[in-house]
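Peer 1: Input structure: protein-v4.cif, which contains mmCIF, C-alpha atoms.
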data_structure
#
loop_
_atom_site.group_PDB
_atom_site.id
_atom_site.type_symbol
_atom_site.label_atom_id
_atom_site.label_comp_id
_atom_site.auth_asym_id
_atom_site.auth_seq_id
_atom_site.Cartn_x
_atom_site.Cartn_y
_atom_site.Cartn_z
ATOM 1 C CA MET B 1 -19.856 39.535 -22.383
ATOM 2 C CA VAL B 2 -16.064 39.676 -22.428
ATOM 3 C CA PRO B 3 -15.675 40.385 -18.672
ATOM 4 C CA ALA B 4 -18.028 37.501 -17.903
ATOM 5 C CA LEU B 5 -15.844 35.153 -19.919
ATOM 6 C CA ALA B 6 -12.549 36.523 -18.586
ATOM 7 C CA HIS B 7 -13.490 36.420 -14.905
ATOM 8 C CA PRO B 8 -13.484 32.599 -14.438
ATOM 9 C CA ARG B 9 -10.218 32.326 -16.284
ATOM 10 C CA SER B 10 -8.469 34.971 -14.196
ATOM 11 C CA ALA B 11 -9.831 33.424 -10.996
ATOM 12 C CA GLY B 12 -8.537 30.048 -12.089
ATOM 13 C CA MET B 13 -5.114 31.498 -12.832
ATOM 14 C CA THR B 14 -4.998 33.170 -9.408
ATOM 15 C CA SER B 15 -6.103 30.066 -7.530
ATOM 16 C CA SER B 16 -3.545 27.972 -9.386
ATOM 17 C CA LEU B 17 -0.664 30.008 -8.015
ATOM 18 C CA MET B 18 -1.049 29.100 -4.327
ATOM 19 C CA PRO B 19 -1.159 25.296 -4.874
ATOM 20 C CA ASP B 20 2.252 25.591 -6.546
ATOM 21 C CA PHE B 21 3.614 26.486 -3.105
ATOM 22 C CA LEU B 22 1.653 23.844 -1.198
ATOM 23 C CA PRO B 23 2.243 20.101 -0.783
ATOM 24 C CA PRO B 24 -0.359 18.025 -2.654
ATOM 25 C CA ASP B 25 -2.043 16.906 0.571
ATOM 26 C CA LEU B 26 -2.273 20.393 2.146
ATOM 27 C CA SER B 27 -5.517 22.260 1.477
ATOM 28 C CA PRO B 28 -5.928 26.047 1.914
ATOM 29 C CA ARG B 29 -7.841 25.305 5.113
ATOM 30 C CA GLY B 30 -4.976 23.087 6.262
ATOM 31 C CA LEU B 31 -2.538 25.897 5.454
ATOM 32 C CA ALA B 32 -4.521 28.296 7.652
ATOM 33 C CA PHE B 33 -4.357 25.748 10.480
ATOM 34 C CA LEU B 34 -0.615 25.321 9.881
ATOM 35 C CA LEU B 35 -0.006 29.087 10.021
ATOM 36 C CA GLY B 36 -1.993 29.423 13.247
ATOM 37 C CA THR B 37 -0.043 26.551 14.759
ATOM 38 C CA ALA B 38 3.277 28.095 13.684
ATOM 39 C CA PHE B 39 2.370 31.432 15.275
ATOM 40 C CA ILE B 40 1.373 29.885 18.604
ATOM 41 C CA ALA B 41 4.450 27.625 18.666
ATOM 42 C CA ALA B 42 6.768 30.544 17.923
ATOM 43 C CA LEU B 43 5.045 32.712 20.534
ATOM 44 C CA ALA B 44 5.804 30.069 23.168
ATOM 45 C CA ARG B 45 9.408 29.705 22.012
ATOM 46 C CA GLY B 46 10.014 33.453 21.838
ATOM 47 C CA PHE B 47 8.916 33.920 25.429
ATOM 48 C CA SER B 48 10.137 30.797 27.183
ATOM 49 C CA GLY B 49 12.839 29.478 24.831
ATOM 50 C CA PHE B 50 11.171 26.083 24.418
ATOM 51 C CA GLY B 51 8.026 24.376 23.225
ATOM 52 C CA ALA B 52 7.953 25.194 19.519
ATOM 53 C CA ALA B 53 8.503 21.640 18.265
ATOM 54 C CA LEU B 54 6.282 20.104 20.951
ATOM 55 C CA ILE B 55 3.388 22.340 19.856
ATOM 56 C CA PHE B 56 4.031 22.567 16.119
ATOM 57 C CA LEU B 57 4.969 19.002 15.153
ATOM 58 C CA PRO B 58 1.977 17.109 16.628
ATOM 59 C CA LEU B 59 -0.523 19.549 15.111
ATOM 60 C CA ALA B 60 1.247 20.116 11.780
ATOM 61 C CA ALA B 61 1.431 16.357 11.233
ATOM 62 C CA THR B 62 -2.371 16.200 11.305
ATOM 63 C CA VAL B 63 -2.721 18.346 8.162
ATOM 64 C CA THR B 64 0.401 17.382 6.218
ATOM 65 C CA ASP B 65 2.888 14.512 6.043
ATOM 66 C CA PRO B 66 5.364 14.396 8.978
ATOM 67 C CA LYS B 67 8.071 14.186 6.312
ATOM 68 C CA ILE B 68 7.083 17.759 5.418
ATOM 69 C CA ALA B 69 6.266 19.093 8.888
ATOM 70 C CA SER B 70 9.603 18.102 10.438
ATOM 71 C CA PRO B 71 11.967 19.688 7.879
ATOM 72 C CA LEU B 72 9.630 22.689 7.647
ATOM 73 C CA LEU B 73 10.144 23.499 11.326
ATOM 74 C CA LEU B 74 13.864 22.762 11.039
ATOM 75 C CA ILE B 75 14.392 25.278 8.232
ATOM 76 C CA THR B 76 12.104 27.975 9.607
ATOM 77 C CA ASP B 77 13.574 27.931 13.098
ATOM 78 C CA ALA B 78 17.169 27.670 11.853
ATOM 79 C CA VAL B 79 16.950 30.771 9.680
ATOM 80 C CA LEU B 80 15.397 32.893 12.406
ATOM 81 C CA ALA B 81 17.789 31.695 15.131
ATOM 82 C CA ALA B 82 20.993 32.181 13.113
ATOM 83 C CA GLY B 83 21.758 35.539 14.719
ATOM 84 C CA PHE B 84 22.426 33.931 18.104
ATOM 85 C CA ILE B 85 25.275 31.722 16.845
ATOM 86 C CA PRO B 86 28.311 34.117 16.823
ATOM 87 C CA ASN B 87 28.027 35.078 20.486
ATOM 88 C CA ALA B 88 27.301 31.476 21.504
ATOM 89 C CA PHE B 89 30.432 30.305 19.680
ATOM 90 C CA ARG B 90 32.582 32.763 21.655
ATOM 91 C CA THR B 91 31.086 31.813 25.034
ATOM 92 C CA ALA B 92 30.350 28.072 24.852
ATOM 93 C CA ASP B 93 32.400 25.207 26.257
ATOM 94 C CA LYS B 94 33.391 23.915 22.832
ATOM 95 C CA ARG B 95 34.691 20.579 24.095
ATOM 96 C CA GLU B 96 31.409 19.779 25.837
ATOM 97 C CA VAL B 97 29.385 20.878 22.815
ATOM 98 C CA SER B 98 31.591 18.859 20.448
ATOM 99 C CA ILE B 99 31.035 15.659 22.421
ATOM 100 C CA MET B 100 27.275 16.212 22.452
ATOM 101 C CA ALA B 101 27.293 17.053 18.736
ATOM 102 C CA LEU B 102 29.275 13.896 17.956
ATOM 103 C CA GLY B 103 26.508 11.844 19.548
ATOM 104 C CA ALA B 104 23.943 13.800 17.547
ATOM 105 C CA ALA B 105 25.882 13.087 14.351
ATOM 106 C CA ILE B 106 25.139 9.407 14.925
ATOM 107 C CA GLY B 107 21.609 9.776 16.291
ATOM 108 C CA ILE B 108 20.162 12.236 13.778
ATOM 109 C CA PRO B 109 20.700 10.021 10.682
ATOM 110 C CA LEU B 110 19.090 7.118 12.555
ATOM 111 C CA GLY B 111 16.086 9.291 13.427
ATOM 112 C CA THR B 112 15.903 10.516 9.840
ATOM 113 C CA LEU B 113 15.864 6.900 8.662
ATOM 114 C CA LEU B 114 12.837 6.283 10.897
ATOM 115 C CA LEU B 115 11.136 9.383 9.487
ATOM 116 C CA VAL B 116 11.726 8.244 5.912
ATOM 117 C CA ARG B 117 10.986 4.542 6.287
ATOM 118 C CA LEU B 118 8.042 4.397 8.699
ATOM 119 C CA ASP B 119 4.427 4.865 7.724
ATOM 120 C CA PRO B 120 3.210 8.463 8.364
ATOM 121 C CA LEU B 121 0.590 7.180 10.811
ATOM 122 C CA HIS B 122 3.289 5.403 12.824
ATOM 123 C CA ILE B 123 5.367 8.592 12.785
ATOM 124 C CA ARG B 124 2.376 10.546 14.109
ATOM 125 C CA TRP B 125 1.971 8.104 16.977
ATOM 126 C CA GLY B 126 5.696 8.376 17.633
ATOM 127 C CA ILE B 127 5.455 12.175 17.745
ATOM 128 C CA VAL B 128 2.581 11.940 20.239
ATOM 129 C CA VAL B 129 4.560 9.582 22.494
ATOM 130 C CA LEU B 130 7.770 11.612 22.294
ATOM 131 C CA ALA B 131 6.008 14.951 22.816
ATOM 132 C CA SER B 132 4.143 13.537 25.825
ATOM 133 C CA ALA B 133 7.388 12.236 27.337
ATOM 134 C CA MET B 134 9.187 15.532 26.763
ATOM 135 C CA LEU B 135 6.282 17.475 28.284
ATOM 136 C CA ALA B 136 6.429 15.269 31.369
ATOM 137 C CA LEU B 137 10.181 15.885 31.595
ATOM 138 C CA LEU B 138 9.770 19.662 31.342
ATOM 139 C CA ALA B 139 6.837 19.882 33.744
ATOM 140 C CA SER B 140 8.581 17.716 36.352
ATOM 141 C CA GLY B 141 11.385 20.242 36.664
ATOM 142 C CA TRP B 142 13.915 17.389 36.714
ATOM 143 C CA ARG B 143 17.528 18.318 36.067
ATOM 144 C CA TYR B 144 20.625 16.157 35.902
ATOM 145 C CA ARG B 145 22.639 17.100 39.004
ATOM 146 C CA GLY B 146 25.647 14.859 38.523
ATOM 147 C CA THR B 147 28.966 15.775 36.997
ATOM 148 C CA PRO B 148 28.805 15.606 33.190
ATOM 149 C CA THR B 149 31.041 12.912 31.722
ATOM 150 C CA ALA B 150 32.075 12.424 28.105
ATOM 151 C CA PRO B 151 30.270 9.073 27.650
ATOM 152 C CA LEU B 152 27.056 10.387 29.205
ATOM 153 C CA THR B 153 27.191 13.621 27.195
ATOM 154 C CA PHE B 154 27.738 11.581 24.026
ATOM 155 C CA GLY B 155 24.803 9.303 24.910
ATOM 156 C CA ILE B 156 22.478 12.243 25.568
ATOM 157 C CA GLY B 157 23.483 13.719 22.218
ATOM 158 C CA ALA B 158 22.797 10.434 20.437
ATOM 159 C CA PHE B 159 19.376 9.981 22.063
ATOM 160 C CA ALA B 160 18.403 13.602 21.431
ATOM 161 C CA GLY B 161 19.637 13.192 17.863
ATOM 162 C CA VAL B 162 17.327 10.248 17.199
ATOM 163 C CA CYS B 163 14.379 12.238 18.594
ATOM 164 C CA SER B 164 15.337 15.290 16.538
ATOM 165 C CA GLY B 165 15.898 13.366 13.328
ATOM 166 C CA ALA B 166 12.546 11.613 13.602
ATOM 167 C CA ALA B 167 10.410 14.477 14.911
ATOM 168 C CA GLN B 168 12.489 17.525 15.955
ATOM 169 C CA VAL B 169 11.658 16.943 19.640
ATOM 170 C CA GLY B 170 15.092 16.182 21.084
ATOM 171 C CA GLY B 171 15.584 19.591 22.700
ATOM 172 C CA PRO B 172 14.134 19.004 26.184
ATOM 173 C CA THR B 173 16.532 16.117 26.841
ATOM 174 C CA VAL B 174 19.556 18.306 26.148
ATOM 175 C CA VAL B 175 18.140 21.236 28.130
ATOM 176 C CA ALA B 176 17.328 19.079 31.178
ATOM 177 C CA TYR B 177 20.842 17.612 31.080
ATOM 178 C CA TRP B 178 22.701 20.914 30.797
ATOM 179 C CA LEU B 179 20.496 23.086 33.025
ATOM 180 C CA GLY B 180 21.714 21.123 36.042
ATOM 181 C CA SER B 181 25.335 21.708 35.057
ATOM 182 C CA PRO B 182 27.639 23.587 37.482
ATOM 183 C CA SER B 183 28.705 25.829 34.587
ATOM 184 C CA ALA B 184 27.863 29.521 34.648
ATOM 185 C CA PRO B 185 24.411 30.331 33.196
ATOM 186 C CA ALA B 186 25.941 32.254 30.264
ATOM 187 C CA ILE B 187 28.096 29.254 29.297
ATOM 188 C CA MET B 188 25.184 26.851 29.740
ATOM 189 C CA ARG B 189 22.951 28.957 27.491
ATOM 190 C CA ALA B 190 25.720 29.294 24.892
ATOM 191 C CA ASN B 191 26.268 25.526 24.952
ATOM 192 C CA ILE B 192 22.593 24.914 24.217
ATOM 193 C CA ILE B 193 22.447 27.453 21.383
ATOM 194 C CA LEU B 194 25.677 26.252 19.769
ATOM 195 C CA TYR B 195 24.677 22.588 20.065
ATOM 196 C CA PHE B 196 21.318 23.223 18.422
ATOM 197 C CA SER B 197 22.960 25.156 15.592
ATOM 198 C CA ILE B 198 25.305 22.219 14.927
ATOM 199 C CA SER B 199 22.575 19.603 15.248
ATOM 200 C CA THR B 200 20.433 21.659 12.869
ATOM 201 C CA ALA B 201 23.213 21.616 10.262
ATOM 202 C CA ILE B 202 23.586 17.852 10.704
ATOM 203 C CA ALA B 203 19.822 17.394 10.358
ATOM 204 C CA MET B 204 19.736 19.440 7.161
ATOM 205 C CA VAL B 205 22.362 17.180 5.601
ATOM 206 C CA ALA B 206 20.558 14.048 6.810
ATOM 207 C CA TYR B 207 17.198 15.348 5.582
ATOM 208 C CA TYR B 208 18.663 16.250 2.200
ATOM 209 C CA PHE B 209 20.131 12.812 1.621
ATOM 210 C CA GLY B 210 16.993 11.255 3.103
ATOM 211 C CA GLY B 211 14.933 13.013 0.439
ATOM 212 C CA VAL B 212 12.743 15.037 2.824
ATOM 213 C CA LEU B 213 14.465 18.410 2.417
ATOM 214 C CA THR B 214 12.738 19.245 -0.858
ATOM 215 C CA LEU B 215 11.778 22.247 -2.954
ATOM 216 C CA THR B 216 8.197 21.804 -1.751
ATOM 217 C CA VAL B 217 9.331 22.248 1.858
ATOM 218 C CA LEU B 218 11.416 25.300 0.951
ATOM 219 C CA LYS B 219 8.451 26.927 -0.800
ATOM 220 C CA LEU B 220 6.191 26.241 2.165
ATOM 221 C CA ALA B 221 8.827 27.722 4.484
ATOM 222 C CA LEU B 222 8.539 31.005 2.567
ATOM 223 C CA ILE B 223 4.874 31.146 3.601
ATOM 224 C CA VAL B 224 5.233 29.895 7.163
ATOM 225 C CA GLY B 225 8.481 31.745 7.979
ATOM 226 C CA PRO B 226 7.079 35.294 8.311
ATOM 227 C CA VAL B 227 4.254 34.098 10.578
ATOM 228 C CA TYR B 228 6.694 32.122 12.712
ATOM 229 C CA GLY B 229 8.997 35.133 12.895
ATOM 230 C CA LEU B 230 6.142 37.357 14.034
ATOM 231 C CA GLY B 231 5.333 34.903 16.814
ATOM 232 C CA LEU B 232 8.974 34.851 17.935
ATOM 233 C CA PHE B 233 9.096 38.654 17.978
ATOM 234 C CA ILE B 234 5.914 39.050 20.012
ATOM 235 C CA GLY B 235 6.920 36.260 22.393
ATOM 236 C CA ALA B 236 10.326 37.860 22.981
ATOM 237 C CA ARG B 237 8.675 41.214 23.671
ATOM 238 C CA LEU B 238 6.378 39.596 26.221
ATOM 239 C CA PHE B 239 9.410 38.324 28.119
ATOM 240 C CA GLY B 240 9.894 40.593 31.100
ATOM 241 C CA ILE B 241 6.334 41.934 30.866
ATOM 242 C CA ALA B 242 4.186 38.874 31.476
ATOM 243 C CA ASP B 243 4.634 36.682 34.545
ATOM 244 C CA GLU B 244 7.158 33.988 33.598
ATOM 245 C CA ALA B 245 5.701 31.279 35.843
ATOM 246 C CA ILE B 246 2.196 31.802 34.479
ATOM 247 C CA PHE B 247 3.375 31.886 30.869
ATOM 248 C CA ARG B 248 5.407 28.723 31.414
ATOM 249 C CA ARG B 249 2.281 26.955 32.651
ATOM 250 C CA ILE B 250 0.438 28.251 29.588
ATOM 251 C CA CYS B 251 3.169 26.734 27.392
ATOM 252 C CA TYR B 252 2.787 23.395 29.145
ATOM 253 C CA ALA B 253 -0.985 23.578 28.664
ATOM 254 C CA LEU B 254 -0.567 24.391 24.951
ATOM 255 C CA ILE B 255 1.743 21.410 24.489
ATOM 256 C CA ALA B 256 -0.744 19.145 26.279
ATOM 257 C CA VAL B 257 -3.614 20.393 24.100
ATOM 258 C CA ALA B 258 -1.497 19.962 20.949
ATOM 259 C CA VAL B 259 -0.698 16.371 21.896
ATOM 260 C CA LEU B 260 -4.335 15.612 22.702
ATOM 261 C CA VAL B 261 -5.775 17.192 19.551
ATOM 262 C CA SER B 262 -3.185 15.482 17.367
ATOM 263 C CA LEU B 263 -4.083 11.953 18.487
ATOM 264 C CA PRO B 264 -4.720 9.876 15.345
ATOM 265 C CA LEU B 265 -7.711 8.350 17.143
ATOM 266 C CA LEU B 266 -9.464 11.710 16.839
ATOM 267 C CA ASP B 267 -9.115 11.955 13.057
ATOM 268 C CA GLY B 268 -12.539 12.837 11.666
ATOM 269 C CA ILE B 269 -13.874 13.870 15.079
ATOM 270 C CA VAL B 270 -12.093 17.096 16.093
ATOM 271 C CA ARG B 271 -10.516 17.726 12.681
#
Translate this structure into structure tokens?
Peer 2:
Amino acid sequence: MVPALAHPRSAGMTSSLMPDFLPPDLSPRGLAFLLGTAFIAALARGFSGFGAALIFLPLAATVTDPKIASPLLLITDAVLAAGFIPNAFRTADKREVSIMALGAAIGIPLGTLLLVRLDPLHIRWGIVVLASAMLALLASGWRYRGTPTAPLTFGIGAFAGVCSGAAQVGGPTVVAYWLGSPSAPAIMRANIILYFSISTAIAMVAYYFGGVLTLTVLKLALIVGPVYGLGLFIGARLFGIADEAIFRRICYALIAVAVLVSLPLLDGIVR
């Protein structure tokens, strides 16, 4: 008789542990969906260097508040990308990066204000629109071919900052601007890495003071982080093995599917 009485209690104690790490609106089924989304997003980023936010944010925002999804990706990606910073700092054009980062320092708080103040449904629609626009930009292959100027670089940083602060999807704008630069590829890559490390630090400060960088997000990052890291590792290993052009098209297709599935109009139909 004792085991029969003890079993429900022990099960209840076990099941009560996981909710302590989950936001109130995230069910275990939603967590499984979130982990699958994180793995796929990281796989795409590990191979191609882009796409994580455009895949993760639209889908994650369907199972939890965008105010949780956005800082969750920020923290997870920042921790796992920290190892690239020292070499980027040595190689980058620091003046160019500083100008871009100054624009981001103005844009990111504005984007964070939108994230905090707007209704979650409006934020979800905003993520869909921004992700769709960024996908179109990436798929078009457009690159800025002019000579970078300080005002333009500042403006790109400010616009990307607003997009990043609101939904972590400002990356493609910066990449499209700098990939057409006459700078050597190593410098261009270092510029991008160093800029994103600085903009990430700015976003963390803005998110903290905006009240969205919370203990709940940090706890959830402990669960999502290892899965995201595994996706990055596998994606990086695939680089050089799989056909880059084909995998890039797969990334575009994944982003398109993520945007489509995340449409608020489909709530209750496909989810």
Peer 1: List the residues selected by the PyMOL selection byres ((chain B and resi 204) around 10) in the file shown, writing them as an MDAnalysis selection string.
Peer 2: chainID B and resid 71 74:75 78 108 165 198:203 205:210 212:213
Peer 1: B:Thr173, B:Ser70, B:Thr91, B:Ser183: which is nearest Thr147 (chain B), counting all atoms listed in the file?
Peer 2: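 Result for the nearest residue to Thr147 (chain B): B:Ser183.
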Peer 1: I need the output of the PyMOL selection byres ((chain B and resi 260) around 12) for this file as an mmCIF file with C-alpha atoms, in the coordinates of the input; which residues are they?
Peer 2:
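Produced file selection_11.cif, reproduced below:
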data_model
loop_
_atom_site.group_PDB
_atom_site.id
_atom_site.type_symbol
_atom_site.label_atom_id
_atom_site.label_comp_id
_atom_site.auth_asym_id
_atom_site.auth_seq_id
_atom_site.Cartn_x
_atom_site.Cartn_y
_atom_site.Cartn_z
ATOM 1 C CA LEU B 54 6.282 20.104 20.951
ATOM 2 C CA ILE B 55 3.388 22.340 19.856
ATOM 3 C CA PRO B 58 1.977 17.109 16.628
ATOM 4 C CA LEU B 59 -0.523 19.549 15.111
ATOM 5 C CA THR B 62 -2.371 16.200 11.305
ATOM 6 C CA TRP B 125 1.971 8.104 16.977
ATOM 7 C CA ILE B 127 5.455 12.175 17.745
ATOM 8 C CA VAL B 128 2.581 11.940 20.239
ATOM 9 C CA VAL B 129 4.560 9.582 22.494
ATOM 10 C CA ALA B 131 6.008 14.951 22.816
ATOM 11 C CA SER B 132 4.143 13.537 25.825
ATOM 12 C CA ALA B 253 -0.985 23.578 28.664
ATOM 13 C CA LEU B 254 -0.567 24.391 24.951
ATOM 14 C CA ILE B 255 1.743 21.410 24.489
ATOM 15 C CA ALA B 256 -0.744 19.145 26.279
ATOM 16 C CA VAL B 257 -3.614 20.393 24.100
ATOM 17 C CA ALA B 258 -1.497 19.962 20.949
ATOM 18 C CA VAL B 259 -0.698 16.371 21.896
ATOM 19 C CA VAL B 261 -5.775 17.192 19.551
ATOM 20 C CA SER B 262 -3.185 15.482 17.367
ATOM 21 C CA LEU B 263 -4.083 11.953 18.487
ATOM 22 C CA PRO B 264 -4.720 9.876 15.345
ATOM 23 C CA LEU B 265 -7.711 8.350 17.143
ATOM 24 C CA LEU B 266 -9.464 11.710 16.839
ATOM 25 C CA ASP B 267 -9.115 11.955 13.057
ATOM 26 C CA VAL B 270 -12.093 17.096 16.093
ATOM 27 C CA ARG B 271 -10.516 17.726 12.681
#
Peer 1: Counting all atoms listed in the file, which residue out of B:Leu113, B:Phe84, B:Phe39, B:Leu179 sits closest to Val162 (chain B)?
Peer 2: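 Of B:Leu113, B:Phe84, B:Phe39, B:Leu179, the one nearest Val162 (chain B) is B:Leu113, counting all atoms listed in the file.
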Peer 1: What residues come out when you apply the PyMOL selection byres ((chain B and resi 105) around 9) to this file, written as a PyMOL selection string?
Peer 2: chain B and resi 100-104+106-109+157-158+161+199+202-203
Peer 1: Do you know which residues are at most 12 Å from region 218-222 of chain B counting all atoms listed in the file, after dropping those on the same chain fewer than 6 positions away, and could you put them as number ranges by chain?
Peer 2: B: 18-24, 26, 31, 34-35, 38, 64, 68-80, 204, 208, 212, 228-229
Peer 1: Could you work out how far CA of Pro66 (chain B) lies from CA of Gly36 (chain B), giving the answer in Å with one decimal?
Peer 2: 17.3 Å
Peer 1: May I ask for the distance between CA of Gly83 (chain B) and CA of Met188 (chain B), given in Å to one decimal place?
Peer 2: 17.7 Å
Peer 1: May I ask which of the residues B:Val174, B:Ala150, B:Leu130, B:Thr216 is the closest one to Leu194 (chain B), counting all atoms listed in the file?
Peer 2: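 Checking each of B:Val174, B:Ala150, B:Leu130, B:Thr216 against Leu194 (chain B), counting all atoms listed in the file, the winner is B:Val174.
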Peer 1: Can you work out the spacing between CA of Pro172 (chain B) and CA of Gly51 (chain B) in Å, to one decimal?
Peer 2: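 Separation of CA of Pro172 (chain B) and CA of Gly51 (chain B): 8.7 Å.
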Peer 1: Nearest residue to Arg45 (chain B) out of B:Ala190, B:Ala236, B:Ile223, B:Leu138, using all atoms listed in the file?
Peer 2: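 Using all atoms listed in the file, Arg45 (chain B) sits closest to B:Ala236.
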Peer 1: For Pro151 (chain B), which residue out of B:Ile99, B:Leu121, B:Gln168, B:Ala133 is the nearest one, using all atoms listed in the file?
Peer 2: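 Ranked by minimum distance to Pro151 (chain B), first place goes to B:Ile99.
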Peer 1: Counting only C-alpha atoms, which residues have an atom no more than 6 Å from (2.9, 19.0, 30.6) in the file's coordinates? Please list them as a list in words.
Peer 2: Leu135, Ala136, Ala139, Tyr252 and Ala256 of chain B
Peer 1: Which residue is closest to Ser181 (chain B)? Choose from B:Arg248, B:Ser140, B:Pro148, B:Asn87 and count all atoms listed in the file.
Peer 2: B:Pro148
Peer 1: Taking (25.7, 32.9, 27.4) in the file's own coordinates, collect the residues within 10 Å, counting only C-alpha atoms, and hand them back as a list in words.
Peer 2: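 Collected hits near the coordinates: Phe84, Asn87, Ala88, Phe89, Arg90, Thr91, Ala92, Ala184, Pro185, Ala186, Ile187, Met188, Arg189, Ala190, Asn191, Ile192 and Ile193 of chain B.
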Peer 1: Draw an axis-aligned box over all listed atoms of region 249-262 of chain B, pad each side with 5 Å, and write its centre and edge lengths in Å, one decimal, as AutoDock Vina command-line options.
Peer 2:
--center_x -1.3 --center_y 21.9 --center_z 25.0 --size_x 18.9 --size_y 22.8 --size_z 25.3
